[in-house]
file work_2.cif (mmCIF, C-alpha atoms)
data_protein
loop_
_atom_site.label_atom_id
_atom_site.label_comp_id
_atom_site.auth_asym_id
_atom_site.auth_seq_id
_atom_site.Cartn_x
_atom_site.Cartn_y
_atom_site.Cartn_z
CA MET A 1 0.00 0.00 0.00
CA ARG A 2 1.35 3.40 -0.95
CA PRO A 3 -0.99 5.97 0.61
CA ARG A 4 0.09 9.09 -1.15
CA THR A 5 -1.18 11.31 -3.90
CA ILE A 6 0.25 14.21 -5.83
CA GLN A 7 -1.33 17.41 -7.00
CA GLY A 8 0.93 19.67 -9.03
CA ASN A 9 0.88 23.39 -9.67
CA LEU A 10 -0.83 24.25 -12.96
CA GLU A 11 -1.85 27.85 -13.55
CA GLY A 12 -0.67 31.19 -12.21
CA LEU A 13 -2.87 32.54 -9.44
CA GLU A 14 -1.94 36.04 -8.33
CA ALA A 15 -4.07 36.38 -5.19
CA THR A 16 -2.73 35.98 -1.66
CA PHE A 17 -4.32 33.50 0.72
CA PRO A 18 -4.95 33.30 4.47
CA ILE A 19 -2.50 30.43 4.84
CA PHE A 20 0.47 32.71 4.15
CA ALA A 21 2.07 34.88 6.79
CA VAL A 22 4.54 37.73 6.31
CA THR A 23 7.08 38.38 9.05
CA SER A 24 8.47 41.89 8.96
CA ASP A 25 11.39 41.35 11.37
CA VAL A 26 13.20 38.91 9.03
CA PRO A 27 15.47 40.44 6.34
CA ASP A 28 14.44 40.03 2.74
CA VAL A 29 15.66 36.87 1.08
CA ASP A 30 16.83 35.92 -2.37
CA ARG A 31 14.93 35.41 -5.60
CA THR A 32 14.92 31.64 -5.12
CA TYR A 33 12.53 31.98 -2.18
CA HIS A 34 10.13 34.18 -4.11
CA LEU A 35 10.07 31.68 -7.00
CA ALA A 36 9.38 28.85 -4.57
CA LEU A 37 6.72 30.82 -2.71
CA LYS A 38 4.74 31.56 -5.86
CA ALA A 39 4.83 27.93 -6.97
CA THR A 40 3.86 26.82 -3.45
CA ARG A 41 0.85 29.13 -3.46
CA GLU A 42 -0.36 27.68 -6.74
CA ALA A 43 0.16 24.08 -5.59
CA LEU A 44 -1.65 24.57 -2.27
CA VAL A 45 -4.60 26.21 -3.99
CA GLU A 46 -4.96 23.35 -6.44
CA ALA A 47 -4.69 20.86 -3.56
CA ARG A 48 -7.43 22.84 -1.76
CA LEU A 49 -5.17 23.61 1.16
CA GLU A 50 -5.59 27.39 1.20
CA GLN A 51 -7.33 26.78 4.52
CA MET A 52 -5.89 23.78 6.35
CA PRO A 53 -8.00 21.65 8.70
CA MET A 54 -7.31 21.95 12.42
CA GLY A 55 -4.34 19.77 13.38
CA PHE A 56 -3.30 19.18 9.76
CA ARG A 57 0.36 18.14 9.68
CA LEU A 58 2.00 19.83 6.69
CA GLY A 59 5.68 19.17 6.03
CA VAL A 60 8.11 20.97 3.71
CA CYS A 61 10.87 19.23 1.76
CA VAL A 62 12.44 21.22 -1.08
CA GLY A 63 15.69 21.08 -2.98
CA THR A 64 18.02 23.89 -4.03
CA THR A 65 21.64 24.60 -4.89
CA VAL A 66 22.08 28.31 -5.60
CA ALA A 67 20.04 29.28 -2.54
CA CYS A 68 22.42 27.31 -0.28
CA GLN A 69 25.25 29.65 -1.31
CA LEU A 70 26.03 33.12 -0.07
CA ASN A 71 25.29 34.39 -3.55
CA ASP A 72 26.54 37.98 -3.20
CA ILE A 73 29.49 39.02 -5.35
CA PRO A 74 29.72 42.56 -3.86
CA PHE A 75 30.11 40.95 -0.41
CA TYR A 76 33.10 38.89 -1.57
CA ARG A 77 34.60 41.86 -3.41
CA SER A 78 34.33 43.99 -0.27
CA TYR A 79 35.80 41.19 1.83
CA ARG A 80 38.82 40.90 -0.46
CA GLU A 81 39.37 44.65 -0.65
CA THR A 82 38.70 45.72 2.95
CA GLY A 83 38.49 42.61 5.13
CA GLN A 84 35.38 44.15 6.71
CA PRO A 85 32.40 43.62 4.40
CA PRO A 86 28.87 44.64 5.44
CA LEU A 87 27.13 41.72 7.16
CA GLU A 88 23.61 42.29 5.81
CA PRO A 89 24.13 39.66 3.05
CA VAL A 90 25.20 37.15 5.69
CA TYR A 91 22.13 37.84 7.83
CA ARG A 92 19.96 37.53 4.74
CA PHE A 93 21.60 34.22 3.85
CA ILE A 94 21.15 32.78 7.34
CA ALA A 95 17.50 33.85 7.40
CA GLY A 96 16.90 32.46 3.93
CA SER A 97 16.79 28.69 4.50
CA LEU A 98 14.36 27.77 1.75
CA ALA A 99 12.31 25.11 3.54
CA GLU A 100 12.27 27.03 6.82
CA ARG A 101 10.95 30.16 5.14
CA LEU A 102 8.27 28.23 3.26
CA ALA A 103 7.27 26.50 6.49
CA GLU A 104 6.96 29.88 8.19
CA ALA A 105 4.91 31.29 5.32
CA THR A 106 2.51 28.33 5.28
CA HIS A 107 2.31 27.68 9.05
CA ALA A 108 3.56 24.16 8.36
CA GLU A 109 3.75 22.09 11.54
CA GLY A 110 5.29 18.93 10.13
CA PRO A 111 8.96 18.06 9.41
CA VAL A 112 11.00 20.60 7.46
CA LEU A 113 14.10 19.91 5.34
CA THR A 114 16.08 21.71 2.64
CA VAL A 115 17.84 19.18 0.41
CA VAL A 116 21.12 20.38 -1.08
CA ASN A 117 22.37 17.58 -3.31
CA ALA A 118 23.36 19.41 -6.49
CA CYS A 119 21.15 18.77 -9.53
CA SER A 120 19.25 15.82 -8.01
CA SER A 121 18.06 17.95 -5.07
CA GLY A 122 14.44 18.30 -6.22
CA THR A 123 14.06 14.59 -6.99
CA ASP A 124 15.77 13.62 -3.74
CA ALA A 125 13.29 15.86 -1.92
CA ALA A 126 10.47 13.80 -3.44
CA GLY A 127 12.02 10.63 -2.03
CA VAL A 128 12.38 12.12 1.44
CA ALA A 129 8.78 13.34 1.36
CA CYS A 130 7.55 9.85 0.43
CA SER A 131 9.44 8.39 3.39
CA TRP A 132 7.79 10.90 5.74
CA LEU A 133 4.33 10.00 4.48
CA ARG A 134 4.99 6.27 4.69
CA ALA A 135 6.12 6.72 8.29
CA ASN A 136 2.99 8.82 9.03
CA LEU A 137 5.11 11.75 10.17
CA CYS A 138 2.76 14.17 8.41
CA ASP A 139 -0.43 14.32 6.36
CA ALA A 140 0.98 16.16 3.35
CA VAL A 141 4.28 17.63 2.18
CA ILE A 142 5.22 20.64 0.05
CA VAL A 143 7.71 19.01 -2.33
CA GLY A 144 9.94 20.22 -5.13
CA GLY A 145 12.85 22.49 -5.92
CA ALA A 146 13.75 26.08 -6.69
CA ASP A 147 16.80 27.97 -7.93
CA GLU A 148 17.59 31.36 -9.44
CA LEU A 149 19.99 32.35 -12.17
CA SER A 150 23.29 33.49 -10.72
CA LYS A 151 26.68 34.54 -12.00
CA ILE A 152 28.42 32.23 -9.52
CA PRO A 153 27.17 28.84 -10.85
CA SER A 154 27.17 30.28 -14.38
CA SER A 155 30.88 30.93 -14.07
CA GLY A 156 31.40 27.49 -12.58
CA PHE A 157 29.70 25.71 -15.47
CA TYR A 158 31.60 27.89 -17.93
CA SER A 159 34.87 26.77 -16.33
CA LEU A 160 33.79 23.14 -16.88
CA SER A 161 33.31 23.90 -20.62
CA VAL A 162 29.77 22.48 -20.62
CA LYS A 163 27.75 25.61 -21.47
CA SER A 164 26.35 25.78 -24.98
CA PRO A 165 26.75 28.99 -27.01
CA ALA A 166 23.39 28.22 -28.65
CA LEU A 167 20.09 26.69 -27.57
CA CYS A 168 20.68 23.31 -25.99
CA LYS A 169 19.93 20.11 -27.94
CA PRO A 170 19.29 17.19 -25.57
CA PHE A 171 20.45 13.83 -26.98
CA ASP A 172 21.29 15.35 -30.38
CA ARG A 173 24.47 14.29 -32.15
CA ASP A 174 25.64 17.91 -32.38
CA ARG A 175 24.82 19.01 -28.85
CA GLN A 176 27.31 21.49 -27.42
CA GLY A 177 26.28 21.72 -23.79
CA LEU A 178 23.63 22.99 -21.43
CA ASN A 179 21.74 26.26 -21.01
CA LEU A 180 21.18 27.48 -17.47
CA GLY A 181 17.67 28.40 -16.36
CA GLU A 182 15.79 29.32 -13.22
CA GLY A 183 12.42 28.56 -11.70
CA ALA A 184 10.53 26.47 -9.18
CA GLY A 185 8.49 23.29 -9.40
CA ILE A 186 6.31 22.45 -6.41
CA ALA A 187 3.80 19.66 -5.85
CA ILE A 188 1.76 18.54 -2.85
CA PHE A 189 2.25 14.92 -1.80
CA GLU A 190 -0.55 13.76 0.50
CA ARG A 191 -1.44 10.52 2.22
CA GLN A 192 -4.46 8.93 0.62
CA ASP A 193 -6.33 8.62 3.91
CA SER A 194 -5.77 12.33 4.57
CA ALA A 195 -7.00 13.30 1.10
CA GLU A 196 -10.09 11.12 1.52
CA ARG A 197 -10.95 12.77 4.84
CA ARG A 198 -10.84 16.13 3.06
CA GLY A 199 -12.93 14.86 0.15
CA ILE A 200 -10.05 15.18 -2.32
CA ALA A 201 -9.60 12.72 -5.18
CA SER A 202 -6.47 12.58 -7.32
CA THR A 203 -5.74 10.45 -10.36
CA LEU A 204 -1.97 10.80 -9.80
CA GLU A 205 0.20 8.87 -7.36
CA VAL A 206 3.87 8.70 -6.48
CA VAL A 207 4.57 4.98 -6.46
CA GLY A 208 8.35 4.55 -6.48
CA PHE A 209 11.65 6.23 -5.65
CA GLY A 210 15.27 5.18 -5.97
CA ALA A 211 18.59 6.89 -5.26
CA SER A 212 22.24 5.93 -5.56
CA ALA A 213 25.71 7.43 -5.44
CA ASP A 214 28.35 5.94 -7.74
CA GLY A 215 31.21 7.98 -6.25
CA HIS A 216 33.09 7.97 -9.55
CA HIS A 217 33.99 11.65 -9.96
CA LEU A 218 33.28 15.05 -8.48
CA THR A 219 31.37 16.32 -11.53
CA ALA A 220 31.04 13.40 -14.00
CA PRO A 221 28.77 10.34 -13.76
CA HIS A 222 30.21 6.83 -13.91
CA PRO A 223 31.16 6.21 -17.56
CA ASP A 224 28.97 3.10 -17.68
CA GLY A 225 25.99 4.81 -16.06
CA LEU A 226 25.94 2.32 -13.18
CA GLY A 227 24.63 4.84 -10.66
CA ILE A 228 21.61 6.05 -12.62
CA GLU A 229 20.78 2.49 -13.68
CA GLN A 230 20.78 1.40 -10.05
CA ALA A 231 18.56 4.32 -9.02
CA ILE A 232 16.07 3.49 -11.81
CA ARG A 233 15.91 -0.19 -10.89
CA LEU A 234 15.40 0.70 -7.24
CA ALA A 235 12.54 3.05 -8.19
CA LEU A 236 10.90 0.36 -10.34
CA GLY A 237 11.25 -2.17 -7.53
CA ASP A 238 9.77 0.28 -5.04
CA ALA A 239 6.81 0.77 -7.40
CA GLY A 240 6.44 -3.00 -7.86
CA ILE A 241 6.52 -2.77 -11.67
CA VAL A 242 8.73 -3.97 -14.52
CA PRO A 243 10.40 -1.70 -17.12
CA GLU A 244 7.84 -2.60 -19.80
CA GLU A 245 5.12 -0.86 -17.76
CA ILE A 246 6.79 2.57 -18.04
CA ASP A 247 5.20 4.67 -20.78
CA PHE A 248 7.86 7.39 -21.02
CA ILE A 249 10.90 8.81 -19.28
CA ASN A 250 11.48 12.49 -18.58
CA ALA A 251 15.26 12.19 -18.62
CA HIS A 252 17.84 14.39 -16.96
CA GLY A 253 19.10 15.09 -20.50
CA THR A 254 21.30 18.15 -19.96
CA ALA A 255 22.59 18.21 -23.57
CA THR A 256 26.20 17.87 -22.43
CA ARG A 257 28.31 15.39 -24.38
CA GLU A 258 29.01 12.83 -21.67
CA ASN A 259 25.83 13.11 -19.58
CA ASP A 260 23.49 12.40 -22.49
CA ARG A 261 25.61 9.52 -23.78
CA ILE A 262 25.96 7.89 -20.37
CA GLU A 263 22.34 8.40 -19.32
CA GLY A 264 21.03 7.41 -22.75
CA ASN A 265 22.85 4.09 -22.72
CA ALA A 266 21.74 3.35 -19.17
CA LEU A 267 18.11 4.02 -20.11
CA ALA A 268 18.41 1.76 -23.16
CA ARG A 269 19.83 -1.07 -21.04
CA VAL A 270 16.89 -0.89 -18.63
CA PHE A 271 14.03 -0.21 -21.06
CA GLY A 272 15.25 -1.46 -24.45
CA PRO A 273 15.81 0.51 -27.66
CA GLN A 274 12.10 1.29 -28.19
CA LEU A 275 11.82 3.41 -25.05
CA ARG A 276 10.07 6.78 -25.25
CA VAL A 277 12.24 9.59 -23.88
CA VAL A 278 12.00 13.36 -23.61
CA SER A 279 14.17 15.95 -21.89
CA THR A 280 12.16 19.02 -20.93
CA LYS A 281 15.40 20.95 -20.39
CA GLY A 282 15.02 22.02 -23.99
CA TYR A 283 12.18 24.23 -22.71
CA THR A 284 13.58 25.35 -19.36
CA GLY A 285 17.33 25.03 -19.53
CA HIS A 286 19.06 23.33 -16.62
CA THR A 287 17.55 24.81 -13.47
CA LEU A 288 19.99 22.99 -11.14
CA GLY A 289 18.33 22.34 -7.75
CA ALA A 290 14.93 23.17 -9.22
CA ALA A 291 15.23 20.69 -12.11
CA GLY A 292 13.90 17.65 -10.24
CA GLY A 293 10.86 19.57 -8.98
CA ILE A 294 10.05 21.17 -12.33
CA GLU A 295 10.47 17.88 -14.20
CA LEU A 296 8.34 16.05 -11.63
CA VAL A 297 5.52 18.50 -12.36
CA PHE A 298 6.04 18.18 -16.15
CA THR A 299 5.88 14.39 -15.84
CA ALA A 300 2.74 14.50 -13.69
CA LEU A 301 1.02 16.88 -16.08
CA ALA A 302 1.91 14.73 -19.10
CA LEU A 303 0.34 11.70 -17.40
CA ARG A 304 -2.73 13.62 -16.32
CA GLU A 305 -3.33 15.38 -19.62
CA GLY A 306 -2.52 12.30 -21.68
CA TRP A 307 0.25 13.67 -23.91
CA ILE A 308 4.05 13.88 -23.84
CA PRO A 309 5.79 17.06 -25.04
CA ALA A 310 8.30 16.91 -27.87
CA ASN A 311 12.03 16.90 -27.20
CA ILE A 312 12.84 20.26 -28.80
CA GLY A 313 16.27 20.92 -30.27
CA PHE A 314 16.78 17.37 -31.53
CA GLU A 315 17.73 16.97 -35.21
CA ASN A 316 20.25 14.15 -35.67
CA GLN A 317 20.62 10.86 -33.83
CA ASP A 318 23.90 10.32 -32.04
CA PRO A 319 25.38 6.95 -33.07
CA GLU A 320 26.56 6.54 -29.47
CA ILE A 321 22.98 6.77 -28.11
CA PRO A 322 20.74 3.84 -29.14
CA PHE A 323 17.48 5.78 -29.45
CA SER A 324 15.99 9.04 -30.66
CA PRO A 325 13.91 11.11 -28.22
CA LEU A 326 10.31 11.95 -29.03
CA GLN A 327 10.24 14.71 -31.64
CA GLN A 328 6.55 15.54 -31.59
CA ILE A 329 3.69 15.65 -29.11
CA THR A 330 2.84 12.01 -28.41
CA PRO A 331 -0.20 10.42 -26.70
CA VAL A 332 0.34 8.62 -23.39
CA LYS A 333 -0.52 4.91 -23.72
CA LYS A 334 0.31 3.42 -20.31
CA ASN A 335 -0.13 4.47 -16.69
CA PHE A 336 3.44 4.84 -15.42
CA ALA A 337 6.16 7.41 -16.11
CA LEU A 338 9.66 7.97 -14.79
CA SER A 339 11.64 11.15 -14.08
CA THR A 340 15.42 10.91 -13.60
CA SER A 341 18.10 13.19 -12.16
CA LEU A 342 21.89 13.01 -12.18
CA ALA A 343 24.07 15.26 -10.04
CA PHE A 344 27.61 16.19 -9.15
CA GLY A 345 29.26 13.84 -6.70
CA GLY A 346 27.85 10.82 -8.51
CA ASN A 347 24.36 11.30 -7.08
CA ASN A 348 21.43 9.80 -8.97
CA ALA A 349 17.69 9.74 -8.31
CA ALA A 350 14.55 8.48 -10.03
CA VAL A 351 10.85 8.76 -9.22
CA VAL A 352 7.94 6.79 -10.68
CA LEU A 353 4.50 8.38 -11.10
CA CYS A 354 1.24 6.64 -11.90
CA ARG A 355 -2.16 7.75 -13.18
CA ARG A 356 -5.17 5.90 -11.79
CA GLU A 357 -8.82 5.76 -12.71
CA GLU A 358 -10.86 8.76 -11.54
CA LYS A 359 -11.96 8.28 -7.94
CA VAL A 360 -15.44 9.30 -6.84
#

call {"tool": "encode", "arguments": {"input": "work_2.cif", "output": "structure tokens"}}
result
Amino acid sequence: MRPRTIQGNLEGLEATFPIFAVTSDVPDVDRTYHLALKATREALVEARLEQMPMGFRLGVCVGTTVACQLNDIPFYRSYRETGQPPLEPVYRFIAGSLAERLAEATHAEGPVLTVVNACSSGTDAAGVACSWLRANLCDAVIVGGADELSKIPSSGFYSLSVKSPALCKPFDRDRQGLNLGEGAGIAIFERQDSAERRGIASTLEVVGFGASADGHHLTAPHPDGLGIEQAIRLALGDAGIVPEEIDFINAHGTATRENDRIEGNALARVFGPQLRVVSTKGYTGHTLGAAGGIELVFTALALREGWIPANIGFENQDPEIPFSPLQQITPVKKNFALSTSLAFGGNNAAVVLCRREEKV
């Protein structure tokens, strides 16, 4: 039994809601928080949690990377030049723990955790949230990831020579690297018994999660893709399904030379050469700690709406990757989908989603 459901954020809603509090004695925080807060508002409204029942245990588990840094170049410049920089950026950074601030804004009374695990942070947050719900530590969890564009990680990726001078081309033979993006993807995971008490029915469920660390290299995945393959197989086992039951994969697909080759071959080993794959990073760029959350929402929406978006940017098949990604909008045929994430440090994560028959 896996008593959890997912409702994702869908449409922009500009109003403010009674659930949110504003605390004036805390310094302003970075753009990442504001991106996450907007997405959280939308997700809670769709989940009908603008007004929470008395005693409702709401947790917060979100991933980030940029927001875990003291992302203030003038501070570092002042420190180098004077040795006595102004401390306001430091106070702002300390007050800006992403999950803590979201918990404060939503009056969440359940467990709270910010996951900082490079580019798998958002997907890892989904796995942690599932474990909380299985253990009955809370009734529902705000889940996902958020990150802002920043010169600091942009410079870092430039130094690794993995940034593309043009629009990225996931899995394409002529791909030149990634584009950086920003954003937030937030969903509400809720125990089924809690949703039923509130009269909420969802056709989407989170049914499996897997994570691994191959420990091969600081920034590169294992050349044989052993880590991501293990994470996928763990997620399938957790869901109690076989590879043939997966309809499509929303791959990590950064459009870097090695990542796409390694991930592509691992996916083909697990699912066979006829697998259906898309990388939505062609639409968003690589949003780092937000990627897992945003791609979780994309995957859920594709299942719910019954169609898979095209893998934009693809033109020519790479002879080193044994499949071509989907190049046009494609109908969903089966009930299960997979979203994958690879990260620095050899971290890998995968989550399985399922669409069920409409519940009355």

call {"tool": "closest_residue", "arguments": {"input": "work_2.cif", "among": "A:Met54, A:Leu301, A:Leu342, A:Val207", "to": "Gly240 of chain A", "atoms": "all atoms listed in the file"}}
result
A:Val207

call {"tool": "residues_around", "arguments": {"input": "work_2.cif", "residues": "Arg261 of chain A", "least_positions_apart": "5", "cutoff": "9 Å", "atoms": "only C-alpha atoms", "output": "MDAnalysis selection string"}}
result
chainID A and resid 171 223 256 266 318 320:321

call {"tool": "closest_residue", "arguments": {"input": "work_2.cif", "among": "A:Val277, A:Ala337, A:Ile200, A:Ala184", "to": "Ala291 of chain A", "atoms": "all atoms listed in the file"}}
result
A:Ala184

call {"tool": "atom_distance", "arguments": {"input": "work_2.cif", "atom1": "atom CA of Leu44 of chain A", "atom2": "atom CA of Ala251 of chain A"}}
result
26.6 Å

call {"tool": "residues_around", "arguments": {"input": "work_2.cif", "residues": "Leu178 of chain A", "least_positions_apart": "6", "cutoff": "9 Å", "atoms": "all atoms listed in the file", "output": "ChimeraX atom specification"}}
result
/A:157,162-170,254-256,281,285-286

call {"tool": "closest_residue", "arguments": {"input": "work_2.cif", "among": "A:Gln192, A:Gly264, A:Val332, A:Val66", "to": "Leu288 of chain A", "atoms": "only C-alpha atoms"}}
result
A:Val66

call {"tool": "residues_near_point", "arguments": {"input": "work_2.cif", "point": "(-2.4, 11.8, -17.4)", "cutoff": "8 Å", "atoms": "all atoms listed in the file", "output": "CSV table (one decimal) with C-alpha atoms, in the coordinates of the input"}}
result
chain,number,residue,atom,x,y,z
A,203,THR,CA,-5.7,10.4,-10.4
A,204,LEU,CA,-2.0,10.8,-9.8
A,300,ALA,CA,2.7,14.5,-13.7
A,301,LEU,CA,1.0,16.9,-16.1
A,302,ALA,CA,1.9,14.7,-19.1
A,303,LEU,CA,0.3,11.7,-17.4
A,304,ARG,CA,-2.7,13.6,-16.3
A,305,GLU,CA,-3.3,15.4,-19.6
A,306,GLY,CA,-2.5,12.3,-21.7
A,307,TRP,CA,0.2,13.7,-23.9
A,332,VAL,CA,0.3,8.6,-23.4
A,335,ASN,CA,-0.1,4.5,-16.7
A,355,ARG,CA,-2.2,7.8,-13.2

call {"tool": "atom_distance", "arguments": {"input": "work_2.cif", "atom1": "atom CA of Glu100 of chain A", "atom2": "atom CA of Pro86 of chain A"}}
result
24.2 Å

call {"tool": "closest_residue", "arguments": {"input": "work_2.cif", "among": "A:Ile152, A:Leu58, A:Ala146, A:Cys68", "to": "Ile186 of chain A", "atoms": "all atoms listed in the file"}}
result
A:Ala146

call {"tool": "residues_near_point", "arguments": {"input": "work_2.cif", "point": "(13.7, 33.6, -0.5)", "cutoff": "8 Å", "atoms": "all atoms listed in the file", "output": "list in words"}}
result
Asp28, Val29, Asp30, Arg31, Thr32, Tyr33, His34, Leu35, Ala36, Leu37, Ala67, Gly96, Ser97, Leu98 and Arg101 of chain A

call {"tool": "axis_aligned_box", "arguments": {"input": "work_2.cif", "around": "segment 170-176 of chain A", "padding_each_side": "4 Å", "output": "AutoDock Vina command-line options"}}
result
--center_x 23.3 --center_y 17.7 --center_z -29.0 --size_x 16.0 --size_y 15.7 --size_z 14.8

call {"tool": "atom_distance", "arguments": {"input": "work_2.cif", "atom1": "atom CA of Asp214 of chain A", "atom2": "atom CA of Gln230 of chain A"}}
result
9.1 Å

call {"tool": "resolve_selection", "arguments": {"input": "work_2.cif", "expression": "the PyMOL selection byres ((chain A and resi 114) around 9)", "output": "list in words"}}
result
Val60, Cys61, Val62, Gly63, Thr64, Cys68, Ser97, Leu98, Ala99, Glu100, Val112, Leu113, Val115, Val116, Ser121 and Ala125 of chain A

call {"tool": "resolve_selection", "arguments": {"input": "work_2.cif", "expression": "the PyMOL selection byres ((chain A and resi 143) around 9)", "output": "compact mmCIF listing (two decimals) with C-alpha atoms, keeping the file's coordinate frame"}}
result
# COMPACT_ATOMS: atom_id res chain seq x y z
CA THR A 40 3.86 26.82 -3.45
CA GLY A 59 5.68 19.17 6.03
CA VAL A 60 8.11 20.97 3.71
CA CYS A 61 10.87 19.23 1.76
CA VAL A 62 12.44 21.22 -1.08
CA GLY A 63 15.69 21.08 -2.98
CA GLY A 122 14.44 18.30 -6.22
CA ALA A 125 13.29 15.86 -1.92
CA ALA A 126 10.47 13.80 -3.44
CA ALA A 129 8.78 13.34 1.36
CA VAL A 141 4.28 17.63 2.18
CA ILE A 142 5.22 20.64 0.05
CA GLY A 144 9.94 20.22 -5.13
CA GLY A 145 12.85 22.49 -5.92
CA GLY A 185 8.49 23.29 -9.40
CA ILE A 186 6.31 22.45 -6.41
CA ALA A 187 3.80 19.66 -5.85
CA ILE A 188 1.76 18.54 -2.85
CA PHE A 189 2.25 14.92 -1.80
CA GLY A 293 10.86 19.57 -8.98

call {"tool": "closest_residue", "arguments": {"input": "work_2.cif", "among": "A:Asn347, A:Gly156, A:Glu46, A:Ile73", "to": "His217 of chain A", "atoms": "all atoms listed in the file"}}
result
A:Asn347

call {"tool": "residues_around", "arguments": {"input": "work_2.cif", "residues": "segment 131-139 of chain A", "least_positions_apart": "3", "cutoff": "6 Å", "atoms": "only C-alpha atoms", "output": "ChimeraX atom specification"}}
result
/A:57-58,110,128,190-191,194
